[in-house]
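One file, my_file_21.tsv, carrying TSV, C-alpha atoms and all ligand atoms:
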chain	number	residue	atom	x	y	z
P	13	MET	CA	20.71	-10.33	6.96
P	14	GLY	CA	17.62	-11.18	4.90
P	15	PRO	CA	16.70	-9.72	1.54
P	16	PRO	CA	15.71	-6.03	1.34
P	17	GLY	CA	12.23	-5.58	2.79
P	18	SER	CA	12.48	-8.75	4.85
P	19	ASP	CA	11.48	-7.00	8.05
P	20	SER	CA	7.93	-8.36	8.27
P	21	ALA	CA	6.76	-5.57	10.58
P	22	SER	CA	7.66	-2.96	7.98
P	23	ALA	CA	6.23	-5.09	5.14
P	24	ASP	CA	2.91	-5.24	7.01
P	25	ALA	CA	2.95	-1.47	7.51
P	26	VAL	CA	3.77	-0.90	3.82
P	27	ASP	CA	0.72	-2.91	2.83
P	28	SER	CA	-1.76	-1.79	5.46
P	29	GLU	CA	-0.84	1.90	5.23
P	30	GLY	CA	-0.19	1.87	1.47
P	31	VAL	CA	3.16	3.64	1.81
P	32	PHE	CA	6.03	3.35	-0.63
P	33	PRO	CA	8.71	1.13	1.00
P	34	GLU	CA	11.51	3.70	0.89
P	35	ALA	CA	13.73	1.84	3.37
P	36	ALA	CA	13.53	-1.40	1.40
P	37	VAL	CA	14.13	0.39	-1.91
P	38	SER	CA	17.08	2.22	-0.39
P	39	ALA	CA	18.48	-1.17	0.75
P	40	LEU	CA	17.98	-2.50	-2.79
P	41	ARG	CA	19.80	0.51	-4.24
P	42	GLY	CA	22.79	-0.21	-2.01
P	43	SER	CA	22.76	-3.98	-2.53
P	44	GLY	CA	23.84	-4.19	-6.17
P	45	LEU	CA	20.64	-6.09	-6.96
P	46	LEU	CA	19.25	-3.29	-9.14
P	47	GLY	CA	21.99	-4.31	-11.58
P	48	LEU	CA	21.33	-8.05	-11.26
P	49	THR	CA	20.60	-8.65	-14.96
P	50	LEU	CA	22.70	-5.84	-16.43
P	51	PRO	CA	26.07	-6.56	-18.08
P	52	GLU	CA	29.19	-6.50	-15.95
P	53	SER	CA	30.66	-3.93	-18.36
P	54	VAL	CA	28.27	-1.31	-16.89
P	55	GLY	CA	28.70	-2.50	-13.30
P	56	GLY	CA	25.87	-5.02	-13.30
P	57	LEU	CA	26.01	-8.61	-12.09
P	58	GLY	CA	25.32	-10.16	-15.52
P	59	GLN	CA	22.86	-12.73	-14.18
P	60	GLY	CA	20.14	-14.60	-16.08
P	61	PRO	CA	16.47	-15.51	-15.63
P	62	GLU	CA	17.09	-18.21	-13.02
P	63	GLN	CA	18.88	-15.83	-10.67
P	64	PHE	CA	16.27	-13.15	-11.34
P	65	ARG	CA	13.50	-15.59	-10.39
P	66	ASP	CA	15.33	-16.55	-7.18
P	67	VAL	CA	16.00	-12.96	-6.11
P	68	ILE	CA	12.53	-11.66	-6.86
P	69	SER	CA	10.93	-14.68	-5.13
P	70	GLN	CA	12.90	-13.94	-1.98
P	71	ILE	CA	11.94	-10.28	-2.02
P	72	ALA	CA	8.28	-11.10	-2.71
P	73	GLY	CA	8.27	-13.62	0.14
P	74	ALA	CA	9.06	-10.69	2.45
P	75	CYS	CA	7.26	-7.75	0.83
P	76	GLY	CA	5.06	-7.95	-2.27
P	77	SER	CA	5.19	-4.22	-2.94
P	78	THR	CA	8.99	-4.10	-2.83
P	79	ALA	CA	9.06	-7.05	-5.24
P	80	MET	CA	6.69	-5.24	-7.63
P	81	ILE	CA	8.95	-2.18	-7.59
P	82	TYR	CA	11.97	-4.42	-8.23
P	83	LEU	CA	10.16	-6.25	-11.05
P	84	MET	CA	9.34	-3.01	-12.86
P	85	HIS	CA	12.90	-1.73	-12.39
P	86	ILE	CA	14.41	-4.85	-13.97
P	87	SER	CA	11.74	-4.84	-16.70
P	88	ALA	CA	12.73	-1.24	-17.55
P	89	ALA	CA	16.48	-1.88	-17.33
P	90	MET	CA	16.37	-4.79	-19.80
P	91	PRO	CA	15.16	-2.85	-22.88
P	92	LEU	CA	17.54	0.01	-22.01
P	93	ALA	CA	20.41	-2.49	-21.99
P	94	ALA	CA	19.26	-4.00	-25.29
P	95	ASN	CA	19.00	-0.60	-27.04
P	96	ARG	CA	20.84	2.14	-25.19
P	97	PRO	CA	19.29	5.57	-25.76
P	98	GLN	CA	22.01	7.84	-27.17
P	99	ALA	CA	20.82	10.84	-25.18
P	100	TYR	CA	21.77	9.17	-21.89
P	101	PRO	CA	25.15	7.49	-22.26
P	102	HIS	CA	25.51	6.69	-18.54
P	103	LEU	CA	21.97	5.55	-17.83
P	104	LEU	CA	22.84	1.86	-17.51
P	105	GLU	CA	25.63	2.51	-15.04
P	106	GLY	CA	23.18	4.46	-12.87
P	107	LEU	CA	20.57	1.70	-13.08
P	108	ALA	CA	23.21	-0.89	-12.19
P	109	ASN	CA	24.80	0.94	-9.26
P	110	GLY	CA	21.49	1.83	-7.62
P	111	LYS	CA	21.56	5.60	-8.25
P	112	LEU	CA	18.63	5.26	-10.66
P	113	LEU	CA	15.37	3.39	-10.12
P	114	GLY	CA	13.54	2.54	-13.34
P	115	THR	CA	9.98	1.64	-14.25
P	116	LEU	CA	7.75	0.94	-17.23
P	117	ALA	CA	4.93	3.18	-18.42
P	118	PHE	CA	3.21	0.95	-21.00
P	119	SER	CA	-0.43	0.31	-20.00
P	120	GLU	CA	-3.03	2.79	-21.21
P	121	ARG	CA	-6.76	2.99	-20.64
P	122	GLY	CA	-7.26	2.08	-24.30
P	123	SER	CA	-4.82	-0.84	-24.30
P	124	ARG	CA	-5.60	-2.24	-20.85
P	125	SER	CA	-4.13	-5.75	-20.53
P	126	HIS	CA	-2.71	-5.50	-24.08
P	127	PHE	CA	0.08	-3.27	-22.84
P	128	TRP	CA	2.13	-3.88	-25.99
P	129	ALA	CA	-0.50	-2.03	-28.09
P	130	PRO	CA	-0.48	1.66	-27.05
P	131	VAL	CA	-3.27	3.91	-28.36
P	132	SER	CA	-1.31	7.14	-27.82
P	133	LYS	CA	0.78	8.48	-30.71
P	134	CYS	CA	3.82	10.75	-30.58
P	135	SER	CA	4.38	13.65	-32.94
P	136	GLN	CA	7.69	14.63	-34.41
P	137	ASP	CA	9.29	17.92	-35.36
P	138	ALA	CA	12.82	17.80	-36.79
P	139	ASP	CA	14.96	16.35	-33.99
P	140	ARG	CA	12.31	16.64	-31.28
P	141	VAL	CA	9.58	14.20	-30.34
P	142	HIS	CA	6.47	15.23	-28.44
P	143	LEU	CA	5.07	12.60	-26.09
P	144	GLN	CA	1.53	13.11	-24.91
P	145	VAL	CA	0.30	9.96	-23.20
P	146	GLU	CA	-2.06	8.95	-20.43
P	147	LYS	CA	-0.74	5.84	-18.72
P	148	SER	CA	-3.16	3.88	-16.57
P	149	TRP	CA	-0.68	2.24	-14.19
P	150	VAL	CA	2.95	3.10	-13.52
P	151	THR	CA	4.67	1.41	-10.58
P	152	SER	CA	6.97	3.68	-8.52
P	153	ALA	CA	5.13	6.68	-9.96
P	154	GLY	CA	6.75	9.80	-8.54
P	155	TYR	CA	9.64	7.76	-7.10
P	156	ALA	CA	11.26	6.40	-10.29
P	157	ASP	CA	14.27	8.17	-11.78
P	158	VAL	CA	13.74	6.73	-15.28
P	159	TYR	CA	10.44	5.96	-17.05
P	160	VAL	CA	10.45	3.75	-20.16
P	161	ILE	CA	7.40	5.01	-22.04
P	162	SER	CA	5.65	3.35	-24.98
P	163	THR	CA	3.71	5.18	-27.66
P	164	GLN	CA	2.79	4.70	-31.31
P	165	SER	CA	5.37	6.08	-33.75
P	166	ALA	CA	4.54	9.42	-35.38
P	167	ASN	CA	3.79	7.70	-38.71
P	168	ALA	CA	2.15	4.59	-37.19
P	169	GLU	CA	-0.51	2.73	-39.14
P	170	SER	CA	-1.29	0.25	-36.36
P	171	PRO	CA	-0.62	-0.06	-32.60
P	172	SER	CA	2.31	-2.37	-33.30
P	173	ASP	CA	4.16	0.52	-35.01
P	174	SER	CA	5.47	1.76	-31.72
P	175	ASP	CA	8.46	3.35	-30.03
P	176	LEU	CA	9.90	3.32	-26.52
P	177	TYR	CA	11.40	6.45	-24.96
P	178	ALA	CA	13.46	6.94	-21.80
P	179	VAL	CA	12.24	9.95	-19.83
P	180	LEU	CA	13.85	11.09	-16.61
P	181	GLY	CA	11.80	11.43	-13.43
P	182	THR	CA	13.01	15.04	-13.11
P	183	ASP	CA	11.11	15.95	-16.32
P	184	SER	CA	8.36	18.41	-15.37
P	185	GLY	CA	6.02	16.85	-17.96
P	186	ILE	CA	5.47	13.74	-15.82
P	187	LYS	CA	2.37	14.16	-13.67
P	188	ILE	CA	0.76	11.67	-11.32
P	189	ALA	CA	-2.91	11.71	-12.33
P	190	ALA	CA	-4.41	9.96	-9.31
P	191	PRO	CA	-3.30	8.25	-6.11
P	192	TRP	CA	-2.74	4.49	-5.97
P	193	VAL	CA	-5.54	3.02	-3.84
P	194	ALA	CA	-5.52	-0.76	-4.11
P	195	LEU	CA	-7.01	-3.77	-2.34
P	196	GLY	CA	-3.60	-5.47	-2.15
P	197	LEU	CA	0.00	-4.71	-3.15
P	198	ARG	CA	-0.83	-1.31	-1.74
P	199	GLY	CA	2.66	0.12	-1.25
P	200	ASN	CA	4.13	0.35	-4.75
P	201	ALA	CA	2.71	3.67	-6.02
P	202	SER	CA	1.30	2.12	-9.22
P	203	SER	CA	-0.61	5.30	-10.09
P	204	PRO	CA	-1.97	6.57	-13.38
P	205	VAL	CA	0.53	9.00	-14.92
P	206	ASN	CA	0.09	11.66	-17.61
P	207	VAL	CA	3.12	12.55	-19.68
P	208	ASP	CA	3.29	15.73	-21.77
P	209	THR	CA	6.88	16.40	-22.73
P	210	THR	CA	9.26	16.93	-25.61
P	211	VAL	CA	12.39	14.82	-25.85
P	212	SER	CA	15.21	14.45	-28.34
P	213	GLN	CA	15.29	11.57	-30.84
P	214	GLY	CA	18.24	10.32	-28.81
P	215	ALA	CA	15.90	9.47	-25.94
P	216	ARG	CA	14.33	6.74	-28.08
P	217	VAL	CA	15.13	3.16	-27.09
P	218	GLY	CA	16.11	1.66	-30.46
P	219	GLU	CA	15.05	2.54	-33.99
P	220	VAL	CA	11.72	4.11	-34.97
P	221	GLY	CA	9.10	1.35	-34.98
P	222	SER	CA	11.17	-1.09	-32.90
P	223	GLY	CA	9.05	-0.66	-29.73
P	224	PHE	CA	6.73	-3.60	-30.34
P	225	GLY	CA	9.62	-5.99	-31.01
P	226	THR	CA	11.45	-4.83	-27.89
P	227	MET	CA	8.32	-5.13	-25.76
P	228	MET	CA	7.69	-8.67	-26.97
P	229	GLN	CA	11.26	-9.94	-27.15
P	230	VAL	CA	12.90	-8.23	-24.21
P	231	VAL	CA	10.29	-6.91	-21.79
P	232	LEU	CA	7.53	-9.53	-21.87
P	233	PRO	CA	9.67	-12.60	-21.02
P	234	CYS	CA	11.27	-10.75	-18.11
P	235	PHE	CA	7.95	-9.27	-16.93
P	236	ASN	CA	6.09	-12.60	-17.16
P	237	LEU	CA	8.80	-14.51	-15.34
P	238	GLY	CA	9.02	-11.88	-12.59
P	239	ASN	CA	5.26	-11.53	-12.32
P	240	ALA	CA	4.80	-15.29	-11.91
P	241	SER	CA	7.56	-15.32	-9.29
P	242	VAL	CA	6.02	-12.44	-7.31
P	243	THR	CA	2.57	-14.02	-7.35
P	244	SER	CA	3.81	-17.48	-6.33
P	245	ALA	CA	6.09	-16.21	-3.60
P	246	TRP	CA	3.35	-14.00	-2.21
P	247	HIS	CA	1.22	-17.12	-1.93
P	248	GLY	CA	4.10	-18.86	-0.15
P	249	ARG	CA	5.16	-21.20	-2.97
P	250	PRO	CA	8.29	-21.01	-5.11
P	251	TRP	CA	7.31	-20.67	-8.77
P	252	THR	CA	8.01	-23.64	-11.02
P	253	PRO	CA	8.02	-22.75	-14.69
P	254	PRO	CA	5.82	-24.84	-17.04
P	255	CYS	CA	8.97	-25.51	-19.05
P	256	SER	CA	11.46	-26.23	-16.29
P	257	THR	CA	14.62	-25.76	-18.35
P	258	CYS	CA	13.77	-22.31	-19.73
P	259	PRO	CA	14.90	-19.98	-16.95
P	260	ALA	CA	18.27	-21.75	-16.90
P	261	ARG	CA	18.80	-21.28	-20.64
P	262	GLY	CA	19.24	-17.52	-20.70
P	263	TRP	CA	17.15	-14.46	-21.58
P	264	SER	CA	17.08	-14.83	-25.35
P	265	THR	CA	15.51	-18.29	-25.30
P	266	LEU	CA	12.50	-16.90	-23.42
P	267	ALA	CA	11.57	-14.49	-26.20
P	268	PRO	CA	8.86	-15.40	-28.71
P	269	ARG	CA	10.06	-15.02	-32.29
P	270	LEU	CA	7.83	-12.69	-34.26
P	271	PRO	CA	7.78	-11.59	-37.91
P	272	THR	CA	7.77	-7.96	-36.79
P	273	CYS	CA	10.88	-8.46	-34.71
P	274	ARG	CA	12.70	-10.23	-37.50
P	275	ARG	CA	11.85	-7.36	-39.84
P	276	SER	CA	13.32	-4.82	-37.46
P	277	GLY	CA	16.40	-6.98	-37.17
P	278	THR	CA	16.18	-7.85	-33.51
P	279	GLY	CA	15.17	-11.49	-33.66
P	280	SER	CA	16.74	-13.27	-36.59
P	281	ALA	CA	19.62	-14.85	-34.72
P	282	GLU	CA	17.63	-15.85	-31.66
P	283	PRO	CA	17.82	-19.44	-30.40
P	284	ALA	CA	14.59	-21.46	-30.37
P	285	PRO	CA	11.98	-19.72	-28.20
P	286	CYS	CA	10.18	-21.34	-25.32
P	287	SER	CA	7.00	-22.89	-26.69
P	288	GLN	CA	5.12	-22.30	-23.43
P	289	LEU	CA	5.79	-18.60	-23.51
P	290	ARG	CA	5.09	-18.40	-27.23
P	291	ARG	CA	1.71	-20.03	-26.67
P	292	HIS	CA	0.96	-17.60	-23.86
P	293	THR	CA	1.96	-14.48	-25.75
P	294	SER	CA	0.09	-15.58	-28.90
P	295	ALA	CA	-3.16	-16.06	-27.02
P	296	ARG	CA	-5.70	-13.26	-27.05
P	297	PRO	CA	-8.86	-12.91	-25.06
P	298	PRO	CA	-12.03	-13.41	-27.11
P	299	GLY	CA	-14.08	-10.41	-28.21
P	300	ARG	CA	-11.21	-7.99	-28.63
P	301	SER	CA	-9.73	-6.46	-31.75
P	302	PRO	CA	-7.14	-8.74	-33.38
P	303	SER	CA	-3.93	-9.05	-31.45
P	304	PRO	CA	-1.17	-6.92	-32.98
P	305	MET	CA	0.79	-10.15	-33.33
P	306	THR	CA	-1.79	-11.78	-35.59
P	307	ALA	CA	-2.74	-8.55	-37.38
P	308	ARG	CA	0.55	-8.56	-39.25
D	401	LIG	C1	0.21	-3.64	-8.97
D	401	LIG	C2	0.22	-3.34	-10.45
D	401	LIG	C3	1.31	-2.69	-10.99
D	401	LIG	C4	1.35	-2.39	-12.36
D	401	LIG	N1	2.44	-1.72	-12.84
D	401	LIG	C5	2.49	-1.38	-14.14
D	401	LIG	C6	3.60	-0.64	-14.65
D	401	LIG	O1	4.55	-0.31	-13.93
D	401	LIG	N2	3.60	-0.29	-15.94
D	401	LIG	C7	2.58	-0.65	-16.78
D	401	LIG	O2	2.66	-0.30	-17.95
D	401	LIG	N3	1.51	-1.34	-16.32
D	401	LIG	C8	1.44	-1.71	-15.03
D	401	LIG	N4	0.36	-2.42	-14.56
D	401	LIG	C9	-0.80	-2.68	-15.46
D	401	LIG	C10	-0.86	-4.11	-16.00
D	401	LIG	O3	0.27	-4.36	-16.80
D	401	LIG	C11	-2.15	-4.29	-16.84
D	401	LIG	O4	-2.15	-3.46	-17.95
D	401	LIG	C12	-3.36	-3.95	-16.05
D	401	LIG	O5	-3.31	-4.67	-14.84
D	401	LIG	C13	-4.62	-4.29	-16.84
D	401	LIG	O6	-5.69	-3.86	-16.04
D	401	LIG	P1	-7.14	-3.56	-16.61
D	401	LIG	O7	-8.03	-3.29	-15.44
D	401	LIG	O8	-7.09	-2.55	-17.67
D	401	LIG	O9	-7.47	-5.01	-17.17
D	401	LIG	P2	-8.43	-5.45	-18.32
D	401	LIG	O10	-7.74	-5.38	-19.62
D	401	LIG	O11	-9.77	-4.77	-18.20
D	401	LIG	O12	-8.58	-6.97	-17.89
D	401	LIG	C14	-9.32	-7.35	-16.71
D	401	LIG	C15	-9.55	-8.84	-16.79
D	401	LIG	O13	-10.35	-9.14	-17.92
D	401	LIG	C16	-9.67	-10.07	-18.78
D	401	LIG	N5	-9.99	-9.65	-20.13
D	401	LIG	C17	-9.56	-8.57	-20.79
D	401	LIG	N6	-10.12	-8.50	-22.00
D	401	LIG	C18	-10.95	-9.56	-22.09
D	401	LIG	C19	-11.83	-10.03	-23.09
D	401	LIG	N7	-11.98	-9.39	-24.24
D	401	LIG	N8	-12.51	-11.15	-22.85
D	401	LIG	C20	-12.37	-11.83	-21.69
D	401	LIG	N9	-11.56	-11.42	-20.70
D	401	LIG	C21	-10.86	-10.31	-20.90
D	401	LIG	C22	-8.20	-9.94	-18.43
D	401	LIG	O14	-7.50	-11.14	-18.72
D	401	LIG	C23	-8.28	-9.69	-16.94
D	401	LIG	O15	-8.45	-10.89	-16.22
D	401	LIG	C24	0.27	-2.76	-13.20
D	401	LIG	C25	-0.82	-3.43	-12.66
D	401	LIG	C26	-0.86	-3.72	-11.30
D	401	LIG	C27	-2.05	-4.45	-10.75
Using structure tokens, write down the structure from this file.
Ligand SMILES: Cc1cc2nc3c(=O)[nH]c(=O)nc-3n(C[C@H](O)[C@H](O)[C@H](O)COP(=O)(O)OP(=O)(O)OC[C@H]3O[C@@H](n4cnc5c(N)ncnc54)[C@H](O)[C@@H]3O)c2cc1C
Amino acid sequence: MGPPGSDSASADAVDSEGVFPEAAVSALRGSGLLGLTLPESVGGLGQGPEQFRDVISQIAGACGSTAMIYLMHISAAMPLAANRPQAYPHLLEGLANGKLLGTLAFSERGSRSHFWAPVSKCSQDADRVHLQVEKSWVTSAGYADVYVISTQSANAESPSDSDLYAVLGTDSGIKIAAPWVALGLRGNASSPVNVDTTVSQGARVGEVGSGFGTMMQVVLPCFNLGNASVTSAWHGRPWTPPCSTCPARGWSTLAPRLPTCRRSGTGSAEPAPCSQLRRHTSARPPGRSPSPMTAR
């Protein structure tokens, strides 16, 4: 049996008709692969970047949309594993055993490609946090069981003072703002999503203000690796990393080391980061406001 979504007839239909590949996602849920990178202690397979690259390349070779959905699931599972939200003690088990499909809700109209710099800001009242955000793209919108949502902290002074929250797909405050109508990768429901909901502090992924560090250290390496793998496989070539040893060295070596992350205590003991990825994540397009990484 091939990888989930490997039936080329259904992959063609997913793309041409722009339908969410429910059969392929259901096969993924039952395969154990949703827990590929999660620790064995929660039922995951405990695998590293190299295995992630291989699995996502195989899925993308069969169905780009299914691979995109898988990429965003793994990219959401990683920060939840790094900082488990207290409000949901069994979230990781669900993400590992396929009961829960995750996704990221980072990009906003105001942040665009700089998805690590949200313009929305949460407000706080005692133990409750109000999230009111307009996300420009969210893969698996309406299908995901868990959304990892970024927003500026209530007392933020810059976009890098940010938090991540886990919000369940059953929350009535999650609304799909528009359909996903794309030229390609048409079957992954990457719609704009508006969120207007109140959650407990326990839904936060890590400490107040730790969002930027988690996005840079945990999410970005995984997202970039997976994204490169999806793109290459879709073009029929296996992806070769610019630094060929990195994917074999483990997740933590892929993370750029940042002053912000060290301050929040998440990066001080990291091994040497990959220089290729550091160069990439330090670059900023010309003509934009200073990158949050250089603004500090
Ligand atoms: C299929 C798909 C699924 C996605 N899923 C998710 C998801 O699940 N969660 C999520 O949070 N986001 C998701 N995204 C959004 C993605 O992470 C980016 O935020 C988004 O693609 C940026 O699009 P934009 O049109 O705003 O780009 P822009 O920021 O407008 O960039 C467009 C182009 O202009 C370039 N550019 C930007 N600024 C400058 C400048 N100042 N000078 C020169 N060039 C510049 C960029 O490099 C790019 O080539 C998804 C995107 C796609 C396509």
Could you please extract the residues within 10 Å of ligand LIG 401 (chain D), counting only C-alpha atoms and all ligand atoms, and hand them back as number ranges by chain?
-> P: 76-77, 80-81, 83-85, 87-88, 114-128, 130, 147-153, 159-162, 192, 194-205, 235, 239, 296-301
Coordinates-based distance that separates atom CA of P:Ala36 from atom CA of P:Val242 (Å, one decimal) |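 For atom CA of P:Val242 relative to atom CA of P:Ala36, the distance reads 15.9 Å.
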For atom CA of P:Ser69 and atom CA of P:Glu105, the interatomic separation in Å (one decimal) =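 Going from atom CA of P:Ser69 over to atom CA of P:Glu105 covers 24.7 Å.
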Compare P:Val67, P:Leu50, P:Ile86, P:Val145 by their minimum atom-to-atom distance to P:Ala108, counting all atoms listed in the file, and give me the closest one.
->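 That would be P:Leu50, the residue with the smallest distance to P:Ala108.
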Rounded to one decimal place, report the atom CA of P:Thr182-atom CA of P:Gly218 distance in Å.
->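 Taking atom CA of P:Thr182 as the start and atom CA of P:Gly218 as the end point, the length is 22.1 Å.
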Name the closest residue to P:Trp263 among the candidates P:Pro233, P:Gly30, P:Gly110, P:Gly56; distances are taken between atoms, counting only C-alpha atoms.
->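 With only C-alpha atoms as the atom set, the closest residue is P:Pro233.
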For P:Leu45, find every residue with an atom within 12 Å (counting all atoms listed in the file), except residues of its own chain fewer than 6 positions away, and show them as a PDB file with C-alpha atoms, keeping the file's coordinate frame.
ATOM      1  CA  PRO P  15      16.700  -9.720   1.540  1.00  0.00           C
ATOM      2  CA  PRO P  16      15.710  -6.030   1.340  1.00  0.00           C
ATOM      3  CA  ALA P  36      13.530  -1.400   1.400  1.00  0.00           C
ATOM      4  CA  VAL P  37      14.130   0.390  -1.910  1.00  0.00           C
ATOM      5  CA  SER P  38      17.080   2.220  -0.390  1.00  0.00           C
ATOM      6  CA  ALA P  39      18.480  -1.170   0.750  1.00  0.00           C
ATOM      7  CA  GLY P  55      28.700  -2.500 -13.300  1.00  0.00           C
ATOM      8  CA  GLY P  56      25.870  -5.020 -13.300  1.00  0.00           C
ATOM      9  CA  LEU P  57      26.010  -8.610 -12.090  1.00  0.00           C
ATOM     10  CA  GLY P  58      25.320 -10.160 -15.520  1.00  0.00           C
ATOM     11  CA  GLN P  59      22.860 -12.730 -14.180  1.00  0.00           C
ATOM     12  CA  GLN P  63      18.880 -15.830 -10.670  1.00  0.00           C
ATOM     13  CA  PHE P  64      16.270 -13.150 -11.340  1.00  0.00           C
ATOM     14  CA  ASP P  66      15.330 -16.550  -7.180  1.00  0.00           C
ATOM     15  CA  VAL P  67      16.000 -12.960  -6.110  1.00  0.00           C
ATOM     16  CA  ILE P  68      12.530 -11.660  -6.860  1.00  0.00           C
ATOM     17  CA  ILE P  71      11.940 -10.280  -2.020  1.00  0.00           C
ATOM     18  CA  ALA P  79       9.060  -7.050  -5.240  1.00  0.00           C
ATOM     19  CA  TYR P  82      11.970  -4.420  -8.230  1.00  0.00           C
ATOM     20  CA  LEU P  83      10.160  -6.250 -11.050  1.00  0.00           C
ATOM     21  CA  HIS P  85      12.900  -1.730 -12.390  1.00  0.00           C
ATOM     22  CA  ILE P  86      14.410  -4.850 -13.970  1.00  0.00           C
ATOM     23  CA  ALA P  89      16.480  -1.880 -17.330  1.00  0.00           C
ATOM     24  CA  LEU P 107      20.570   1.700 -13.080  1.00  0.00           C
ATOM     25  CA  ALA P 108      23.210  -0.890 -12.190  1.00  0.00           C
ATOM     26  CA  ASN P 109      24.800   0.940  -9.260  1.00  0.00           C
ATOM     27  CA  GLY P 110      21.490   1.830  -7.620  1.00  0.00           C
ATOM     28  CA  LYS P 111      21.560   5.600  -8.250  1.00  0.00           C
ATOM     29  CA  LEU P 113      15.370   3.390 -10.120  1.00  0.00           C
TER      30      LEU P 113
END
May I ask which of the residues P:Ala166, P:Cys134, P:Met227, P:Val220 is the closest one to P:Val207, counting all atoms listed in the file?
-> P:Cys134
